[in-house]
Each structure stands twice: as structure tokens, then as C-alpha cells.
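Down below is the structure, laid out as C-alpha cells.
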Amino acid sequence: MKRKHLSPLILLASCSQLPAVILADFQFTSGSISSGDASTNWTTTDLSNGPGIPLNISTVNGNPAGSTEMTFGDFDNNDVAGALAAGDYYSFTITPLGGSSLTLTNITFDMFKTEFAGANITASLFSSINGFATPTDAIGSGTLFGAGESNQYLNRAISLGSLPSITTSTEFRLYIDDRGASSNSNLFNLDNIILNGEVTQIPEVSSSALGLLGCLLFGVRRRRSN
């Protein structure tokens, strides 16, 4: 009589992708430097600053009220290379949890400068993926051009499609420069720094499932040996 052998049970861990989500959300409400996101799939640190600029939060100015604020004199650099050398940046780090993978879409932020200020203000985005060594490491940038883009909050977006999905802690920095404008008391504000992306959950195989798989494979092996 021909024996029928039990085929091994192969357990495949299924991955589930969540809809597009906000991974980091800095609105600076009531002077807070914490991200407004909340999830069990990742953590986001508070916003911090490099050694070259202050971390001042205005509770009056913003879009709406609440934003970073500094004067042109606080970041007087000719270009992004100068900002890199001086450490003129804002920073935060995002960490996937529980085996999650984060696919990054873009980062957006609102920029403001004092009325009639003609300086071109640029915020250049870097990450620990590409490094912070040279201007060519920049992922992208957003700029306020001339006096025509003063006295209003204008949104800028930088695509992150060139970056791989992240599974470990990743730091992002926005370096600020004013293209060599005169050092003065004109204000520059940054608000609503938002990191967008998608989360892929990779569930862990439970110990009971692994135990069941082991028993089945052991049983199959014994049948074959007999």
C-alpha cells in the first residue's frame, strides 16, 4: 500500500501596508518642540538644533501661532557649504519599531521672513543616509526668493523618493543659509515641518506558530524515516 506523506506546512509571515501617514509633525503649538505623531510603529525625537543656530520657539508668530524663530544674524552664511561648516541646522531622528519599514514620500515646511527682506533664504535637507559632509549630499531644498516672498508663510516640499525604505534610526537635518545677506535683525521663521510616508508592518511569527511548525516537520521526518 502506497503511503501518503503529509506535506510540510509552510508558514509565511504576511506584510501589511498602512495608508499614507504623517511620520513626523512639528507644529510648535504652545512652544512645543515635540512631534505630534503618535504610533506604535515608529518614534520621532524632539526637534533639536546644531551648534551654529539657536532653538527659539515663538508662541506668537507662526502658521498658525507657534514656529521656530531667529534673526538673519543667527545664520549668516554665503551658501549651504557655509551652513554645513557652521552647524546651522535643525534636526530630528525617526526610528521604526517592531520590524516596521518606512517608505518616505516627502517633507514639507512653511517658511517666513520679515516684510521687504530681499535675502534669499534656503533650507537644505540632509539625512544620515547620504551623510552631512558636502553640499552634494543634500536631498533637496526650499527657498524664499527676494522681497516678493516676504511677510507671508510659503510652503515648500522636498521629495524623498530617492531614498531607500528605512528600518533603522535615521536623522534628518534642515540646514539654513541666507546666501550672504547682511547680518541684521530681520526674522526667519520655520513652521509645520511634516514628514510623510508609508509604513509596512512585518509581523513576528509567534512562538506557538513556530512550535507547531517544528512538530509538523518533525512528524514528516519520522514518517519518511520509517
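Each chain in the C-alpha cells gets a letter, A, B, ..., in the order shown, and its residues are numbered from 1; ligands are numbered from 1 in order too.
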Find the nearest atom pair between each residue of segment 114-133 of chain A and segment 149-164 of chain A for residues within 8 Å, count only C-alpha atoms, give distances in Å to one decimal, sort rows by chain and ascending number, and present the table as CSV.
```
residue,atom,partner,partner_atom,distance
A:Thr114,CA,A:Asn151,CA,5.3
A:Glu115,CA,A:Asn151,CA,4.3
A:Phe116,CA,A:Ser150,CA,6.0
A:Ala117,CA,A:Ser150,CA,6.2
A:Gly118,CA,A:Ser150,CA,7.7
A:Leu125,CA,A:Ile158,CA,7.9
A:Ile129,CA,A:Leu163,CA,7.8
```
Practice problem: Just list the residues in chain A DSSP gives helix (DSSP H, G or I) on the backbone, as number ranges by chain. | Solution: A: 29-31, 72-75, 80-86, 135-137, 147-149, 207-225
Please produce a file of the residues just selected, as a JSON list (two decimals), in the first residue's frame, where the atoms kept are N, CA and C atoms.
```json
[["chain", "number", "residue", "atom", "x", "y", "z"],
["A", 29, "THR", "N", 3.10, 74.19, 18.62],
["A", 29, "THR", "CA", 1.98, 74.74, 19.37],
["A", 29, "THR", "C", 2.37, 74.93, 20.83],
["A", 30, "SER", "N", 2.07, 76.10, 21.36],
["A", 30, "SER", "CA", 2.38, 76.43, 22.76],
["A", 30, "SER", "C", 3.85, 76.27, 23.08],
["A", 31, "GLY", "N", 4.70, 76.46, 22.07],
["A", 31, "GLY", "CA", 6.14, 76.40, 22.30],
["A", 31, "GLY", "C", 6.72, 75.00, 22.30],
["A", 72, "PHE", "N", 18.41, 87.08, 10.94],
["A", 72, "PHE", "CA", 19.36, 86.80, 9.85],
["A", 72, "PHE", "C", 20.78, 86.72, 10.40],
["A", 73, "GLY", "N", 21.02, 87.42, 11.48],
["A", 73, "GLY", "CA", 22.36, 87.39, 12.07],
["A", 73, "GLY", "C", 22.71, 86.06, 12.71],
["A", 74, "ASP", "N", 21.70, 85.23, 12.96],
["A", 74, "ASP", "CA", 21.95, 83.94, 13.59],
["A", 74, "ASP", "C", 22.46, 82.89, 12.61],
["A", 75, "PHE", "N", 22.31, 83.14, 11.30],
["A", 75, "PHE", "CA", 22.72, 82.12, 10.32],
["A", 75, "PHE", "C", 23.31, 82.79, 9.08],
["A", 80, "VAL", "N", 25.23, 76.80, 1.26],
["A", 80, "VAL", "CA", 24.99, 75.62, 2.08],
["A", 80, "VAL", "C", 26.30, 75.06, 2.63],
["A", 81, "ALA", "N", 27.41, 75.25, 1.92],
["A", 81, "ALA", "CA", 28.70, 74.79, 2.43],
["A", 81, "ALA", "C", 29.05, 75.52, 3.72],
["A", 82, "GLY", "N", 28.73, 76.82, 3.76],
["A", 82, "GLY", "CA", 28.96, 77.59, 4.98],
["A", 82, "GLY", "C", 28.07, 77.14, 6.12],
["A", 83, "ALA", "N", 26.82, 76.80, 5.79],
["A", 83, "ALA", "CA", 25.88, 76.31, 6.81],
["A", 83, "ALA", "C", 26.35, 74.97, 7.37],
["A", 84, "LEU", "N", 26.88, 74.10, 6.49],
["A", 84, "LEU", "CA", 27.41, 72.82, 6.94],
["A", 84, "LEU", "C", 28.57, 73.02, 7.91],
["A", 85, "ALA", "N", 29.48, 73.91, 7.53],
["A", 85, "ALA", "CA", 30.66, 74.15, 8.36],
["A", 85, "ALA", "C", 30.30, 74.76, 9.70],
["A", 86, "ALA", "N", 29.29, 75.63, 9.71],
["A", 86, "ALA", "CA", 28.91, 76.32, 10.95],
["A", 86, "ALA", "C", 27.97, 75.49, 11.82],
["A", 135, "PRO", "N", 27.89, 69.70, 0.21],
["A", 135, "PRO", "CA", 26.61, 70.13, -0.38],
["A", 135, "PRO", "C", 25.99, 69.10, -1.32],
["A", 136, "THR", "N", 26.80, 68.25, -1.93],
["A", 136, "THR", "CA", 26.25, 67.25, -2.85],
["A", 136, "THR", "C", 25.49, 66.15, -2.12],
["A", 137, "ASP", "N", 25.60, 66.09, -0.79],
["A", 137, "ASP", "CA", 24.84, 65.11, 0.00],
["A", 137, "ASP", "C", 23.40, 65.54, 0.19],
["A", 147, "ALA", "N", 12.28, 90.00, -2.06],
["A", 147, "ALA", "CA", 11.29, 90.69, -1.23],
["A", 147, "ALA", "C", 9.87, 90.27, -1.57],
["A", 148, "GLY", "N", 9.65, 89.77, -2.78],
["A", 148, "GLY", "CA", 8.31, 89.37, -3.19],
["A", 148, "GLY", "C", 7.79, 88.17, -2.42],
["A", 149, "GLU", "N", 8.68, 87.42, -1.78],
["A", 149, "GLU", "CA", 8.27, 86.26, -0.99],
["A", 149, "GLU", "C", 8.52, 86.49, 0.49],
["A", 207, "SER", "N", 5.60, 32.34, 18.92],
["A", 207, "SER", "CA", 6.30, 31.15, 19.39],
["A", 207, "SER", "C", 5.44, 29.90, 19.22],
["A", 208, "SER", "N", 4.11, 30.07, 19.38],
["A", 208, "SER", "CA", 3.22, 28.91, 19.22],
["A", 208, "SER", "C", 3.20, 28.43, 17.78],
["A", 209, "ALA", "N", 3.23, 29.39, 16.84],
["A", 209, "ALA", "CA", 3.25, 29.02, 15.43],
["A", 209, "ALA", "C", 4.54, 28.32, 15.08],
["A", 210, "LEU", "N", 5.66, 28.81, 15.63],
["A", 210, "LEU", "CA", 6.94, 28.17, 15.39],
["A", 210, "LEU", "C", 6.96, 26.77, 15.98],
["A", 211, "GLY", "N", 6.34, 26.61, 17.16],
["A", 211, "GLY", "CA", 6.30, 25.29, 17.80],
["A", 211, "GLY", "C", 5.49, 24.32, 16.96],
["A", 212, "LEU", "N", 4.34, 24.78, 16.43],
["A", 212, "LEU", "CA", 3.51, 23.93, 15.59],
["A", 212, "LEU", "C", 4.25, 23.51, 14.33],
["A", 213, "LEU", "N", 4.95, 24.45, 13.72],
["A", 213, "LEU", "CA", 5.72, 24.15, 12.53],
["A", 213, "LEU", "C", 6.79, 23.11, 12.83],
["A", 214, "GLY", "N", 7.46, 23.26, 13.98],
["A", 214, "GLY", "CA", 8.50, 22.31, 14.35],
["A", 214, "GLY", "C", 7.95, 20.91, 14.53],
["A", 215, "CYS", "N", 6.80, 20.79, 15.19],
["A", 215, "CYS", "CA", 6.18, 19.47, 15.41],
["A", 215, "CYS", "C", 5.79, 18.82, 14.08],
["A", 216, "LEU", "N", 5.21, 19.60, 13.17],
["A", 216, "LEU", "CA", 4.81, 19.06, 11.89],
["A", 216, "LEU", "C", 6.00, 18.57, 11.08],
["A", 217, "LEU", "N", 7.06, 19.37, 11.06],
["A", 217, "LEU", "CA", 8.25, 18.98, 10.32],
["A", 217, "LEU", "C", 8.89, 17.74, 10.93],
["A", 218, "PHE", "N", 8.88, 17.67, 12.28],
["A", 218, "PHE", "CA", 9.43, 16.50, 12.96],
["A", 218, "PHE", "C", 8.63, 15.25, 12.61],
["A", 219, "GLY", "N", 7.27, 15.40, 12.56],
["A", 219, "GLY", "CA", 6.43, 14.27, 12.22],
["A", 219, "GLY", "C", 6.67, 13.78, 10.80],
["A", 220, "VAL", "N", 6.83, 14.71, 9.88],
["A", 220, "VAL", "CA", 7.10, 14.34, 8.49],
["A", 220, "VAL", "C", 8.42, 13.60, 8.39],
["A", 221, "ARG", "N", 9.41, 14.08, 9.10],
["A", 221, "ARG", "CA", 10.73, 13.45, 9.06],
["A", 221, "ARG", "C", 10.67, 12.02, 9.58],
["A", 222, "ARG", "N", 9.90, 11.81, 10.66],
["A", 222, "ARG", "CA", 9.77, 10.47, 11.24],
["A", 222, "ARG", "C", 9.07, 9.52, 10.26],
["A", 223, "ARG", "N", 8.03, 10.01, 9.60],
["A", 223, "ARG", "CA", 7.29, 9.18, 8.64],
["A", 223, "ARG", "C", 8.23, 8.73, 7.52],
["A", 224, "ARG", "N", 9.04, 9.66, 7.03],
["A", 224, "ARG", "CA", 9.93, 9.34, 5.93],
["A", 224, "ARG", "C", 11.01, 8.34, 6.36],
["A", 225, "SER", "N", 11.45, 8.48, 7.61],
["A", 225, "SER", "CA", 12.49, 7.56, 8.10],
["A", 225, "SER", "C", 11.96, 6.16, 8.28]]
```
Mind checking which residues fall within 8 Å of segment 175-191 of chain A, counting only C-alpha atoms, ignoring those fewer than 5 positions away in the same chain, and posting them as an mmCIF file with C-alpha atoms, in the first residue's frame?
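Produced file out_39.cif, reproduced below:
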```cif
data_model
loop_
_atom_site.group_PDB
_atom_site.id
_atom_site.type_symbol
_atom_site.label_atom_id
_atom_site.label_comp_id
_atom_site.auth_asym_id
_atom_site.auth_seq_id
_atom_site.Cartn_x
_atom_site.Cartn_y
_atom_site.Cartn_z
ATOM 1 C CA PHE A 26 6.273 69.694 14.217
ATOM 2 C CA GLN A 27 3.720 72.490 14.650
ATOM 3 C CA PHE A 28 5.341 74.157 17.698
ATOM 4 C CA ASN A 61 4.381 84.066 15.133
ATOM 5 C CA GLY A 62 3.579 81.042 13.001
ATOM 6 C CA ASN A 63 1.056 79.489 10.641
ATOM 7 C CA GLY A 66 4.000 78.640 17.050
ATOM 8 C CA SER A 67 7.213 78.410 14.983
ATOM 9 C CA THR A 68 10.985 78.419 15.170
ATOM 10 C CA GLU A 69 12.340 81.971 15.045
ATOM 11 C CA MET A 70 15.766 83.547 14.603
ATOM 12 C CA THR A 71 17.337 86.637 13.065
ATOM 13 C CA PHE A 72 19.356 86.802 9.855
ATOM 14 C CA GLY A 73 22.358 87.390 12.073
ATOM 15 C CA ASP A 74 21.952 83.939 13.592
ATOM 16 C CA PHE A 75 22.724 82.120 10.316
ATOM 17 C CA ASP A 76 24.788 84.496 8.182
ATOM 18 C CA ASN A 77 26.317 82.103 5.622
ATOM 19 C CA ASN A 78 27.041 82.578 1.933
ATOM 20 C CA ASP A 79 25.836 79.136 0.900
ATOM 21 C CA VAL A 80 24.993 75.620 2.083
ATOM 22 C CA GLY A 82 28.964 77.589 4.985
ATOM 23 C CA ALA A 83 25.883 76.314 6.808
ATOM 24 C CA LEU A 84 27.406 72.816 6.945
ATOM 25 C CA GLY A 87 26.391 73.662 12.033
ATOM 26 C CA ASP A 88 23.398 75.857 11.178
ATOM 27 C CA TYR A 89 20.668 73.216 11.216
ATOM 28 C CA TYR A 90 17.516 71.873 12.832
ATOM 29 C CA PHE A 109 7.530 73.011 5.775
ATOM 30 C CA ASP A 110 6.388 76.639 5.895
ATOM 31 C CA MET A 111 8.977 79.435 5.593
ATOM 32 C CA PHE A 112 8.637 83.115 6.533
ATOM 33 C CA LYS A 113 10.872 86.190 6.517
ATOM 34 C CA THR A 114 10.346 89.799 7.597
ATOM 35 C CA ALA A 117 13.619 91.419 3.328
ATOM 36 C CA ALA A 119 17.601 87.957 1.001
ATOM 37 C CA ASN A 120 17.144 84.509 -0.491
ATOM 38 C CA ILE A 121 16.701 82.121 2.436
ATOM 39 C CA THR A 122 17.329 78.436 1.711
ATOM 40 C CA ALA A 123 16.593 75.357 3.821
ATOM 41 C CA SER A 124 18.557 72.337 2.520
ATOM 42 C CA LEU A 125 17.606 68.825 3.621
ATOM 43 C CA PHE A 126 20.221 66.209 4.524
#
```
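Taking only C-alpha atoms into account, Gly131 of chain A lies nearest to A:Phe172 out of the set A:Ala20, A:Phe172, A:Ser91, A:Leu104.
Between atom CA of Phe145 of chain A and atom CA of Leu195 of chain A the separation is 23.4 Å.
Counting only C-alpha atoms, Ser100 of chain A has the following residues at most 6 Å away, ignoring those fewer than 6 positions along the same chain: Thr200, Gln201 and Ile202 of chain A.
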Quick one: residues within 8 Å of Gly197 of chain A, only C-alpha atoms counted, chain neighbours fewer than 3 positions away excluded, as a tab-separated table (two decimals) with C-alpha atoms, in the first residue's frame?
```tsv
chain	number	residue	atom	x	y	z
A	20	ALA	CA	-0.10	57.11	3.76
A	21	VAL	CA	0.68	58.56	7.16
A	22	ILE	CA	2.39	61.53	8.78
A	23	LEU	CA	5.62	60.22	10.30
A	102	LEU	CA	9.16	53.20	6.49
A	103	THR	CA	8.87	54.34	2.89
A	104	LEU	CA	9.38	58.10	2.76
A	105	THR	CA	7.36	60.30	0.42
A	106	ASN	CA	8.32	63.92	1.10
```
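For the atom pair formed by atom CA of Leu97 of chain A and atom CA of Ile139 of chain A, the distance is 24.4 Å, given to one decimal.
Put simply, atom CA of Val60 of chain A is 26.5 Å away from atom CA of Thr93 of chain A.
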Practice problem: Assign secondary structure with DSSP using the backbone only, and return the residues of segment 139-179 of chain A in strand (DSSP E) as a PyMOL selection string. | Solution: chain A and resi 140-144+154-159+170-177
Can those selected residues be exported to a file as a PDB file, in the first residue's frame so that it contains C-alpha atoms?
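The resulting file, part.pdb, is reproduced below:
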```pdb
ATOM      1  CA  GLY A 140      16.793  68.838  -1.932  1.00  0.00           C
ATOM      2  CA  SER A 141      15.994  72.343  -0.752  1.00  0.00           C
ATOM      3  CA  GLY A 142      13.334  75.029  -0.429  1.00  0.00           C
ATOM      4  CA  THR A 143      13.981  78.766  -0.910  1.00  0.00           C
ATOM      5  CA  LEU A 144      12.288  82.084  -0.236  1.00  0.00           C
ATOM      6  CA  LEU A 154       5.050  79.861   1.968  1.00  0.00           C
ATOM      7  CA  ASN A 155       5.041  76.075   1.832  1.00  0.00           C
ATOM      8  CA  ARG A 156       7.950  74.167   0.371  1.00  0.00           C
ATOM      9  CA  ALA A 157       8.147  70.427  -0.361  1.00  0.00           C
ATOM     10  CA  ILE A 158      11.161  68.176  -0.915  1.00  0.00           C
ATOM     11  CA  SER A 159      10.659  64.749  -2.495  1.00  0.00           C
ATOM     12  CA  THR A 170      17.561  57.908  10.542  1.00  0.00           C
ATOM     13  CA  GLU A 171      18.409  61.548  11.238  1.00  0.00           C
ATOM     14  CA  PHE A 172      17.173  64.449   9.126  1.00  0.00           C
ATOM     15  CA  ARG A 173      18.673  67.941   9.174  1.00  0.00           C
ATOM     16  CA  LEU A 174      17.488  71.202   7.637  1.00  0.00           C
ATOM     17  CA  TYR A 175      20.497  73.486   7.088  1.00  0.00           C
ATOM     18  CA  ILE A 176      19.652  77.201   6.817  1.00  0.00           C
ATOM     19  CA  ASP A 177      21.586  79.847   4.870  1.00  0.00           C
TER      20      ASP A 177
END
```
Self-check item: Ser35 of chain A environment, 7 Å, only C-alpha atoms, sequence neighbours closer than 6 positions dropped, as JSON, numbers by chain
Solution: {"A": [24, 25, 26, 44, 46]}
